[in-house]
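Participant: Contents of entry-v2.cif (mmCIF, C-alpha atoms) are below:
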```
data_my_file
loop_
_atom_site.label_atom_id
_atom_site.label_comp_id
_atom_site.auth_asym_id
_atom_site.auth_seq_id
_atom_site.Cartn_x
_atom_site.Cartn_y
_atom_site.Cartn_z
CA MET N 1 11.06 187.37 129.43
CA ASN N 2 13.46 184.47 129.65
CA ARG N 3 15.67 185.96 126.96
CA LEU N 4 15.66 189.31 128.80
CA LEU N 5 16.72 187.61 132.03
CA THR N 6 19.39 185.65 130.21
CA TRP N 7 20.72 188.84 128.66
CA PHE N 8 20.86 190.71 132.00
CA SER N 9 22.53 187.78 133.76
CA GLY N 10 25.05 187.14 130.95
CA THR N 11 28.67 187.38 132.16
CA GLU N 12 29.43 190.36 129.95
CA ASN N 13 26.29 192.28 131.13
CA GLN N 14 26.47 191.59 134.86
CA LYS N 15 28.16 194.89 135.74
CA PHE N 16 25.63 196.83 133.68
CA THR N 17 22.74 195.04 135.44
CA LEU N 18 24.21 195.82 138.86
CA VAL N 19 24.71 199.50 137.98
CA LEU N 20 21.05 199.68 136.87
CA LEU N 21 19.89 198.07 140.13
CA VAL N 22 22.12 200.36 142.22
CA LEU N 23 20.71 203.42 140.44
CA PHE N 24 17.17 202.12 141.01
CA CYS N 25 17.86 201.58 144.72
CA ILE N 26 19.32 205.09 145.06
CA PHE N 27 16.25 206.45 143.25
CA LEU N 28 13.95 204.65 145.74
CA GLU N 29 16.02 205.91 148.68
CA GLU N 30 15.89 209.48 147.39
CA THR N 31 12.21 209.57 146.46
CA ILE N 32 10.36 207.25 148.87
CA HIS N 33 12.60 207.66 151.90
CA LEU N 34 14.08 211.17 151.62
CA TYR N 35 11.28 212.92 149.69
CA TRP N 36 8.10 211.20 151.00
CA GLY N 37 9.55 210.19 154.34
CA ILE N 38 8.33 206.55 154.09
CA GLU N 39 10.74 204.15 155.73
CA MET N 40 9.02 200.77 155.19
CA ALA N 41 8.62 198.19 152.43
CA TYR N 42 10.72 199.75 149.64
CA THR N 43 13.95 198.43 151.24
CA HIS N 44 12.88 194.89 150.23
CA VAL N 45 13.87 195.86 146.70
CA PHE N 46 17.45 196.31 147.96
CA TYR N 47 17.64 192.56 148.57
CA ILE N 48 17.25 191.90 144.86
CA LEU N 49 20.41 193.92 144.22
CA LEU N 50 22.29 192.44 147.19
CA VAL N 51 21.40 188.79 146.48
CA VAL N 52 22.26 189.13 142.79
CA ALA N 53 25.56 190.86 143.65
CA ALA N 54 26.37 188.16 146.22
CA ILE N 55 25.70 185.37 143.73
CA TRP N 56 27.91 186.96 141.10
CA TYR N 57 30.66 188.60 143.14
CA HIS N 58 30.52 186.62 146.42
CA GLU N 59 32.07 188.37 149.45
CA ARG N 60 32.78 191.58 147.50
CA ALA N 61 29.00 192.22 147.57
CA VAL N 62 29.23 192.81 151.33
CA PHE N 63 30.87 196.19 150.60
CA LEU N 64 27.83 197.14 148.52
CA ALA N 65 25.57 196.07 151.41
CA ILE N 66 27.59 198.28 153.79
CA VAL N 67 27.29 201.26 151.39
CA LEU N 68 23.51 200.77 151.00
CA GLY N 69 23.11 200.30 154.75
CA VAL N 70 25.08 203.46 155.56
CA MET N 71 23.11 205.38 152.93
CA HIS N 72 19.82 204.14 154.43
CA VAL N 73 20.89 205.11 157.99
CA VAL N 74 22.18 208.57 156.91
CA VAL N 75 18.97 209.33 154.96
CA SER N 76 16.89 208.17 157.92
CA TYR N 77 18.89 210.43 160.25
CA SER N 78 18.51 213.39 157.92
CA VAL N 79 14.73 212.82 157.59
CA PHE N 80 13.89 212.25 161.25
CA GLY N 81 16.77 214.13 162.85
CA GLU N 82 17.64 211.21 165.15
CA LEU N 83 19.22 207.78 164.88
CA THR N 84 16.62 205.03 165.52
CA TRP N 85 16.91 201.22 165.75
CA PRO N 86 14.81 200.19 162.69
CA PRO N 87 17.14 201.64 159.99
CA LEU N 88 20.16 200.29 161.88
CA LEU N 89 18.57 196.83 162.02
CA ARG N 90 17.71 197.00 158.32
CA ALA N 91 21.30 197.98 157.46
CA MET N 92 22.60 195.05 159.53
CA MET N 93 20.17 192.70 157.78
CA PHE N 94 21.46 193.92 154.42
CA ILE N 95 24.99 192.94 155.43
CA LEU N 96 24.00 189.65 157.07
CA VAL N 97 21.82 188.38 154.18
CA THR N 98 24.45 189.42 151.64
CA ALA N 99 27.20 187.64 153.60
CA ILE N 100 25.17 184.41 153.89
CA VAL N 101 24.26 184.36 150.19
CA ALA N 102 27.90 185.20 149.32
CA VAL N 103 29.27 182.28 151.34
CA ILE N 104 26.72 179.80 149.94
CA SER N 105 27.28 181.03 146.39
CA ALA N 106 31.08 180.88 146.73
CA LYS N 107 30.84 177.28 148.01
CA LYS N 108 28.51 176.34 145.16
CA ASP N 109 30.89 177.84 142.57
CA GLU N 110 33.81 176.07 144.21
CA TYR N 111 32.03 172.70 143.98
CA GLN N 112 31.05 173.45 140.41
CA GLU N 113 34.68 174.18 139.47
CA GLU N 114 35.79 170.99 141.20
CA LEU N 115 33.15 169.08 139.28
CA VAL N 116 34.30 170.56 135.96
CA GLU N 117 37.95 169.74 136.80
CA SER N 118 37.04 166.24 137.83
CA LYS N 119 35.06 165.79 134.60
CA LYS N 120 38.08 166.93 132.59
CA VAL N 121 40.31 164.40 134.40
CA ILE N 122 37.78 161.62 133.80
CA GLU N 123 37.52 162.55 130.12
CA ALA N 124 41.31 162.63 129.78
CA ASN N 125 41.58 159.22 131.48
CA HIS N 126 38.85 157.90 129.23
CA GLU N 127 40.73 159.11 126.13
CA VAL N 128 43.91 157.45 127.40
CA LEU N 129 41.99 154.23 127.98
CA ILE N 130 40.45 154.29 124.50
CA ALA N 131 43.89 154.98 122.96
CA TYR N 132 45.35 152.13 125.01
CA VAL N 133 42.64 149.67 123.98
CA ALA N 134 43.00 150.70 120.31
CA GLU N 135 46.79 150.37 120.46
CA CYS N 136 46.42 146.95 122.14
CA ALA N 137 44.21 145.84 119.27
CA ASN N 138 46.68 147.26 116.75
CA ARG N 139 49.83 145.87 118.28
CA LEU N 140 48.61 142.62 119.84
CA ARG N 141 45.42 141.26 118.34
CA HIS N 142 46.28 141.96 114.72
CA PRO N 143 49.90 140.70 114.94
CA ILE N 144 48.66 137.51 116.62
CA GLU N 145 46.21 137.08 113.75
CA ILE N 146 49.09 137.54 111.28
CA VAL N 147 51.18 134.87 113.02
CA HIS N 148 48.16 132.58 113.21
CA ASP N 149 47.36 133.02 109.51
CA ASN N 150 50.98 132.46 108.51
CA LEU N 151 51.23 129.28 110.61
CA ARG N 152 47.88 128.04 109.32
CA GLU N 153 49.03 128.60 105.73
CA LEU N 154 52.28 126.78 106.44
CA GLU N 155 50.36 123.91 108.03
CA ARG N 156 48.14 123.60 104.93
CA GLN N 157 51.16 123.69 102.65
CA VAL N 158 52.97 120.99 104.64
CA GLU N 159 49.81 118.90 104.61
CA LEU N 160 49.31 119.21 100.84
CA GLU N 161 52.84 119.39 99.47
CA GLY N 162 55.11 118.30 102.32
CA PRO N 163 57.61 120.57 104.05
CA PRO N 164 58.64 123.45 101.77
CA GLY N 165 62.29 124.29 101.23
CA ASP N 166 61.99 127.54 103.11
CA LEU N 167 60.22 125.97 106.11
CA MET N 168 63.01 126.94 108.49
CA ILE N 169 63.01 130.59 107.38
CA ARG N 170 59.25 130.84 107.68
CA LEU N 171 59.25 129.28 111.15
CA GLN N 172 62.09 131.58 112.24
CA LEU N 173 60.02 134.54 111.06
CA GLN N 174 57.02 133.45 113.12
CA VAL N 175 59.20 132.88 116.20
CA LYS N 176 60.59 136.37 115.78
CA ASN N 177 57.08 137.75 115.35
CA THR N 178 55.88 136.12 118.57
CA GLU N 179 58.93 137.53 120.40
CA GLN N 180 58.00 140.95 119.11
CA ILE N 181 54.39 140.49 120.28
CA ILE N 182 55.66 139.67 123.79
CA LEU N 183 57.83 142.81 123.70
CA ASN N 184 54.81 144.85 122.57
CA LEU N 185 52.78 143.42 125.44
CA HIS N 186 55.46 144.46 127.95
CA GLU N 187 55.70 147.90 126.35
CA LEU N 188 51.93 148.42 126.51
CA ASN N 189 51.79 147.19 130.11
CA GLN N 190 54.55 149.61 131.07
CA ALA N 191 52.70 152.44 129.34
CA ILE N 192 49.50 151.80 131.31
CA VAL N 193 51.12 151.36 134.74
CA THR N 194 53.59 154.23 134.56
CA ASP N 195 52.20 157.23 136.45
CA ASN N 196 48.81 155.56 136.80
CA LYS N 197 48.07 155.91 140.50
CA GLN N 198 44.62 154.38 140.14
CA ILE N 199 46.17 150.93 139.84
CA PRO N 200 47.28 149.57 143.24
CA GLU N 201 51.05 149.38 143.72
CA ALA N 202 51.09 145.56 143.92
CA TYR N 203 49.23 145.24 140.61
CA ARG N 204 51.41 147.89 138.97
CA GLU N 205 54.47 145.90 139.97
CA PHE N 206 52.87 142.68 138.71
CA ILE N 207 51.69 144.15 135.37
CA GLY N 208 55.00 145.91 134.75
CA ARG N 209 57.07 142.81 135.59
CA MET Y 1 38.06 140.71 91.79
CA ASN Y 2 38.40 139.22 88.30
CA ARG Y 3 41.63 139.61 86.37
CA ASP Y 4 40.33 141.99 83.66
CA LEU Y 5 38.90 144.34 86.25
CA LEU Y 6 42.12 144.18 88.24
CA GLU Y 7 44.19 144.96 85.14
CA THR Y 8 42.00 147.93 84.22
CA LEU Y 9 41.97 149.24 87.76
CA LEU Y 10 45.71 148.91 88.30
CA GLY Y 11 46.44 150.39 84.88
CA GLU Y 12 44.32 153.44 85.64
CA LEU Y 13 45.78 153.87 89.09
CA ALA Y 14 49.35 153.56 87.84
CA CYS Y 15 48.74 155.99 84.93
CA GLY Y 16 47.27 158.52 87.35
CA LYS Y 17 50.41 158.25 89.51
CA ASN Y 18 48.05 157.55 92.38
CA GLN Y 19 48.84 156.57 95.92
CA VAL Y 20 46.60 153.62 96.70
CA LEU Y 21 45.67 152.02 99.99
CA TRP Y 22 44.79 148.41 99.23
CA LEU Y 23 42.71 147.02 102.10
CA ALA Y 24 42.71 143.27 101.64
CA THR Y 25 41.32 140.55 103.86
CA ALA Y 26 43.85 138.56 105.92
CA ASP Y 27 43.47 135.42 103.82
CA ARG Y 28 43.80 137.35 100.55
CA LEU Y 29 46.78 139.55 101.38
CA LYS Y 30 49.40 137.19 99.98
CA GLN Y 31 47.37 136.45 96.84
CA ASP Y 32 46.58 140.16 96.29
CA ASN Y 33 50.29 140.91 96.49
CA ILE Y 34 50.99 138.31 93.78
CA ASP Y 35 48.05 139.51 91.65
CA ILE Y 36 49.16 143.15 91.79
CA VAL Y 37 52.79 142.31 90.99
CA LYS Y 38 51.78 139.96 88.17
CA THR Y 39 49.39 142.48 86.63
CA MET Y 40 51.79 145.40 86.87
CA VAL Y 41 54.68 143.39 85.40
CA LYS Y 42 52.40 142.18 82.61
CA GLN Y 43 51.61 145.83 81.83
CA GLY Y 44 55.33 146.51 81.47
CA SER Y 45 55.97 148.25 84.79
CA HIS Y 46 59.01 147.93 86.96
CA LEU Y 47 58.21 147.35 90.60
CA ILE Y 48 60.01 148.18 93.80
CA ILE Y 49 58.63 145.88 96.48
CA ILE Y 50 59.14 146.95 100.08
CA THR Y 51 58.52 143.96 102.27
CA THR Y 52 58.08 143.86 106.01
CA ASN Y 53 55.81 140.84 105.82
CA GLN Y 54 57.42 137.93 103.95
CA PRO Y 55 61.19 137.46 103.54
CA TYR Y 56 62.67 138.02 100.10
CA SER Y 57 63.35 134.31 99.58
CA VAL Y 58 59.70 133.40 100.29
CA LEU Y 59 58.41 136.16 98.00
CA LYS Y 60 60.83 135.07 95.30
CA LYS Y 61 59.43 131.52 95.41
CA ASN Y 62 55.84 132.83 95.34
CA TYR Y 63 56.59 134.98 92.29
CA GLU Y 64 58.47 132.20 90.52
CA ARG Y 65 55.51 129.92 91.10
CA ALA Y 66 53.22 132.59 89.63
CA GLU Y 67 55.58 132.88 86.62
CA ILE Y 68 56.34 136.54 87.13
CA ASP Y 69 59.21 138.13 85.20
CA PHE Y 70 61.72 138.61 88.00
CA SER Y 71 63.92 141.04 86.06
CA ARG Y 72 61.32 143.78 86.50
CA LEU Y 73 61.29 143.49 90.27
CA TYR Y 74 63.50 145.08 92.90
CA PHE Y 75 63.15 144.36 96.61
CA ILE Y 76 63.75 146.27 99.79
CA ASP Y 77 63.62 143.57 102.45
CA ALA Y 78 63.26 144.73 106.03
CA ILE Y 79 62.44 141.35 107.52
CA THR Y 80 65.03 138.72 106.50
CA SER Y 81 67.96 140.12 108.45
CA TYR Y 82 65.77 140.76 111.51
CA ALA Y 83 64.04 137.36 111.54
CA ILE Y 84 66.82 135.06 110.41
CA GLY Y 85 69.92 136.97 111.41
CA THR Y 86 71.67 136.48 108.07
CA THR Y 87 70.96 137.55 104.51
CA PRO Y 88 71.36 135.52 101.30
CA GLN Y 89 74.61 136.33 99.48
CA GLY Y 90 74.96 137.23 95.81
CA GLU Y 91 71.42 138.50 95.27
CA GLN Y 92 71.38 141.36 92.77
CA ASN Y 93 67.91 142.84 92.98
CA VAL Y 94 67.46 143.21 96.69
CA ARG Y 95 68.55 145.57 99.44
CA PHE Y 96 68.35 144.28 103.02
CA ILE Y 97 67.49 146.47 106.00
CA SER Y 98 68.53 145.37 109.49
CA THR Y 99 65.14 145.74 111.21
CA PRO Y 100 61.64 146.76 110.15
CA TYR Y 101 61.49 149.41 112.88
CA ASN Y 102 64.60 151.16 111.63
CA LEU Y 103 62.63 153.69 109.60
CA THR Y 104 65.66 155.87 108.94
CA ASP Y 105 67.46 153.03 107.14
CA LEU Y 106 64.25 152.02 105.40
CA GLY Y 107 63.66 155.61 104.23
CA ILE Y 108 67.24 155.92 102.96
CA ALA Y 109 66.99 152.58 101.14
CA ILE Y 110 63.72 153.62 99.48
CA THR Y 111 65.12 157.01 98.42
CA THR Y 112 68.33 155.45 97.05
CA THR Y 113 66.43 152.76 95.17
CA LEU Y 114 63.99 155.26 93.70
CA ASP Y 115 66.94 157.37 92.51
CA GLU Y 116 68.57 154.33 90.91
CA PHE Y 117 65.36 153.34 89.15
CA SER Y 118 64.15 156.82 88.23
CA GLU Y 119 64.63 156.23 84.48
CA LYS Y 120 62.48 153.10 84.54
CA SER Y 121 59.46 154.92 86.08
CA PRO Y 122 58.84 152.22 88.66
CA CYS Y 123 55.77 151.56 90.82
CA VAL Y 124 56.19 150.87 94.52
CA LEU Y 125 54.42 148.12 96.43
CA PHE Y 126 54.53 148.35 100.22
CA ASP Y 127 53.73 144.99 101.86
CA SER Y 128 52.33 145.65 104.38
CA VAL Y 129 51.16 148.47 106.61
CA SER Y 130 49.48 145.95 108.94
CA THR Y 131 52.67 144.00 109.57
CA MET Y 132 54.47 147.20 110.55
CA LEU Y 133 52.15 147.29 113.58
CA LEU Y 134 54.15 144.40 114.97
CA TYR Y 135 57.18 146.62 115.28
CA LEU Y 136 56.00 150.20 115.71
CA PRO Y 137 53.18 152.22 117.30
CA SER Y 138 50.34 153.12 114.97
CA CYS Y 139 51.07 156.88 115.11
CA THR Y 140 54.69 156.32 113.96
CA ILE Y 141 53.49 154.13 111.10
CA SER Y 142 50.93 156.73 110.04
CA LYS Y 143 53.65 159.40 109.95
CA PHE Y 144 55.98 157.15 107.95
CA ILE Y 145 53.28 156.24 105.41
CA HIS Y 146 52.43 159.93 105.11
CA TYR Y 147 56.10 160.66 104.41
CA LEU Y 148 56.34 157.84 101.84
CA SER Y 149 53.13 158.73 99.99
CA ASN Y 150 54.25 162.35 99.68
CA ARG Y 151 57.74 161.27 98.62
CA PHE Y 152 56.25 159.08 95.85
CA ARG Y 153 53.81 161.78 94.82
CA LEU Y 154 56.59 164.35 94.44
CA ILE Y 155 58.48 162.15 91.99
CA ASP Y 156 55.33 160.96 90.15
CA THR Y 157 55.67 157.38 91.31
CA PRO Y 158 52.53 155.32 91.88
CA GLY Y 159 52.48 153.59 95.25
CA PHE Y 160 50.41 150.64 96.43
CA PHE Y 161 50.18 150.24 100.18
CA LEU Y 162 48.85 146.83 101.18
CA ALA Y 163 47.09 146.36 104.50
CA VAL Y 164 44.63 144.03 106.15
CA GLY Y 165 41.57 146.24 106.45
CA LYS Y 166 40.10 144.52 109.50
CA GLY Y 167 43.37 144.70 111.41
CA LEU Y 168 43.60 148.48 111.49
CA ASP Y 169 41.74 150.65 113.95
CA PRO Y 170 39.23 153.11 112.41
CA MET Y 171 41.34 156.17 113.32
CA MET Y 172 44.38 154.72 111.54
CA VAL Y 173 42.33 153.78 108.46
CA SER Y 174 40.92 157.29 108.45
CA ASN Y 175 44.43 158.79 108.66
CA LEU Y 176 45.80 156.55 105.92
CA THR Y 177 42.81 157.24 103.69
CA THR Y 178 43.51 160.95 104.00
CA PHE Y 179 47.07 160.49 102.72
CA MET Y 180 46.02 158.38 99.73
CA ASP Y 181 44.41 159.23 96.41
CA GLU Y 182 42.43 155.99 96.34
CA THR Y 183 41.38 153.34 98.81
CA ILE Y 184 40.54 149.95 97.34
CA LYS Y 185 38.68 147.21 99.18
CA PRO Y 186 38.88 144.42 96.60
CA ASP Y 187 36.71 141.96 98.51
CA ARG Y 188 33.75 144.34 98.45
CA LYS Y 189 33.73 144.97 94.70
#
```
Represent the structure contained in this file as structure tokens.
Facilitator:
Amino acid sequence: MNRLLTWFSGTENQKFTLVLLVLFCIFLEETIHLYWGIEMAYTHVFYILLVVAAIWYHERAVFLAIVLGVMHVVVSYSVFGELTWPPLLRAMMFILVTAIVAVISAKKDEYQEELVESKKVIEANHEVLIAYVAECANRLRHPIEIVHDNLRELERQVELEGPPGDLMIRLQLQVKNTEQIILNLHELNQAIVTDNKQIPEAYREFIGR
Amino acid sequence: MNRDLLETLLGELACGKNQVLWLATADRLKQDNIDIVKTMVKQGSHLIIITTNQPYSVLKKNYERAEIDFSRLYFIDAITSYAIGTTPQGEQNVRFISTPYNLTDLGIAITTTLDEFSEKSPCVLFDSVSTMLLYLPSCTISKFIHYLSNRFRLIDTPGFFLAVGKGLDPMMVSNLTTFMDETIKPDRK
């Protein structure tokens, strides 16, 4: 049953389902109303068609409600030979119920789309954050570890063997490395504050300084 | 890793013209560099050493201390000029690059050196991928290593790319592993 419902409500089958329901409603109108002359109860079935159409096609379903309403009034007139209030009221209810469901459904779909968009933005921001954190680890933590290891090794060597002949070169290299780490830090800070409106202006100015 | 195992492993990798990612620990990187160079030279290979980690003069001292035959080594040094501002004069077996992040110059130097040494069937040692992270974003380094590994592969030259395993993010390790024929983690063997 569930699979049948899923199939009928599937996006690609919605038009087919509506056509089936429209044909069924016309059949009821022709047989029960026009042929047997019964005016009551069967019109409740119309609401199934109208509610489903309103959920799927929003305000466009109102046109269907108007068509069904007019058909119901015309058949009633042709059966009884006069225009009475009950079929008119029913026709108006068709239109009113369809319009209410259409508005609610349109709002719901709008919120759903907003939610999906907002989720996409959050996911994109999350990816940027992960990339930023990974790049920070790559370009800050690891280089600092390299400098630390190099200085530690130099320290051990000086302790054991005295200052090596290339001490100056090795220290110059570490100074240059630390300068580069500071540059990397500035570069990464700039990358995170540029175009990132979630960070308050004062902090963006401070981080990017 | 013991010396016999290292010799066998490096011999096999070099014979297979493989591109190898060598993921060392931080404290072993320098020693692994010396061990690889020593073993390869002992096996009769010529080595082109691309260094972005230690200056040529420091490497030279390390290799001399390890009694490595210096005539089989050629250096492409991308760090000395950048860190010290000057380069030693009169050195025969070294080519200096102005900065480690000048990948165009580095690429040209590697290509030229490989052309010069093509008859000697050299191996290439890149020391190190991790240090490059000081100067360039990880995606740029990945692209450059991809370019180099393919370049070496096309001319049947084995390449050893040293890196500190723990210092690289998993995505970068995954990328680099894809470019390589082998990934060695010596500390885990």
Participant: Run the PyMOL selection byres ((chain Y) within 7 of (chain N)) against the file shown and list the residues it catches, as a list in words.
Facilitator: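 Applying the PyMOL selection byres ((chain Y) within 7 of (chain N)) to the structure shown produces Val58, Ala83, Ile84, Thr131, Leu133, Leu134, Tyr135, Gly167, Leu168 and Asp169 of chain Y.
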Participant: Include C-alpha atoms and write out the residues we just selected as a short mmCIF file (atom, residue, chain, number, x, y, z; two decimals), keeping the file's coordinate frame.
Facilitator:
```cif
data_model
loop_
_atom_site.label_atom_id
_atom_site.label_comp_id
_atom_site.auth_asym_id
_atom_site.auth_seq_id
_atom_site.Cartn_x
_atom_site.Cartn_y
_atom_site.Cartn_z
CA VAL Y 58 59.70 133.40 100.29
CA ALA Y 83 64.04 137.36 111.54
CA ILE Y 84 66.82 135.06 110.41
CA THR Y 131 52.67 144.00 109.57
CA LEU Y 133 52.15 147.29 113.58
CA LEU Y 134 54.15 144.40 114.97
CA TYR Y 135 57.18 146.62 115.28
CA GLY Y 167 43.37 144.70 111.41
CA LEU Y 168 43.60 148.48 111.49
CA ASP Y 169 41.74 150.65 113.95
#
```
Participant: Within 9 Å of Leu136 of chain Y, counting only C-alpha atoms, which residues show up once you throw out same-chain ones fewer than 4 positions away? Write them as a list in words, please.
Facilitator: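 That gives Arg139 and Asn184 of chain N; Pro100, Tyr101, Met132, Thr140 and Ile141 of chain Y.
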Participant: With distances taken over all atoms listed in the file, which of Y:Pro158, Y:Gly44, Y:Pro55, Y:Pro122 is nearest to Ile97 of chain Y?
Facilitator: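 For Ile97 of chain Y, the nearest of the given residues is Y:Pro55.
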Participant: What separation in Å, quoted to one decimal, exists between atom CA of Leu28 of chain N and atom CA of Phe46 of chain N?
Facilitator: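 These atoms are spaced 9.3 Å apart.
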Participant: Which value, in Å to one decimal, gives the distance between atom CA of Gln19 of chain Y and atom CA of Gln54 of chain Y?
Facilitator: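 Atom CA of Gln54 of chain Y lies 22.0 Å from atom CA of Gln19 of chain Y.
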Participant: Exactly which residues make up the result of the PyMOL selection byres ((chain N and resi 50) around 8) on this file, given as a PyMOL selection string?
Facilitator: chain N and resi 46-49+51-54+61+64-65+94+98
Participant: With only C-alpha atoms as the atoms that count, which of Y:Val20, Y:Val173, Y:Tyr82, Y:Asn150 lies nearest to Ile36 of chain Y?
Facilitator: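 The closest residue to Ile36 of chain Y is Y:Val20.
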Participant: Which residues are near Gln31 of chain Y? Cut-off 12 Å, all atoms listed in the file, ignore same chain within fewer than 2 positions. Put them as a PyMOL selection string.
Facilitator: (chain N and resi 153) or (chain Y and resi 1+24-29+33-38+59+62-63+65-66+127+162+186)
Participant: Report, in Å to a single decimal, how far apart atom CA of Ile68 of chain Y and atom CA of Ala163 of chain Y are.
Facilitator: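 Atom-to-atom, atom CA of Ala163 of chain Y to atom CA of Ile68 of chain Y, that is 22.0 Å.
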Participant: Near Asn175 of chain Y, counting all atoms listed in the file, which residues have an atom at most 10 Å away, once you skip same-chain residues fewer than 2 positions from it, shown as number ranges by chain?
Facilitator: Y: 139, 142-143, 145-146, 170-173, 177-180
Participant: Spell out the residues picked by the PyMOL selection byres ((chain Y and resi 119) around 12) here, as a list in words.
Facilitator: Ser45, His46, Thr113, Leu114, Asp115, Glu116, Phe117, Ser118, Lys120, Ser121, Pro122, Cys123, Ile155, Asp156 and Thr157 of chain Y
Participant: What's around Ile110 of chain Y at 9 Å? Count all atoms listed in the file, leave out sequence neighbours fewer than 4 positions away in its own chain, and write the answer as a PyMOL selection string.
Facilitator: chain Y and resi 48+50+76+105-106+114-115+148
Participant: Env of Phe144 of chain Y: 9 Å cut, atoms = all atoms listed in the file, seq-sep filter 5 positions within chain, self excluded. Answer as an NGL selection string.
Facilitator: :Y and (103 or 107 or 139 or 149)
Participant: Between N:Ala124, N:Ile55, N:Leu68, N:Val74, which is the closest to Val101 of chain N once you count all atoms listed in the file?
Facilitator: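 Using all atoms listed in the file, the shortest distance to Val101 of chain N belongs to N:Ile55.
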Participant: May I ask which of the residues N:Ala106, N:Asn189, N:Val73, N:Arg156 is the closest one to Leu89 of chain N, counting all atoms listed in the file?
Facilitator: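 The shortest atom-to-atom distance to Leu89 of chain N comes from N:Val73.
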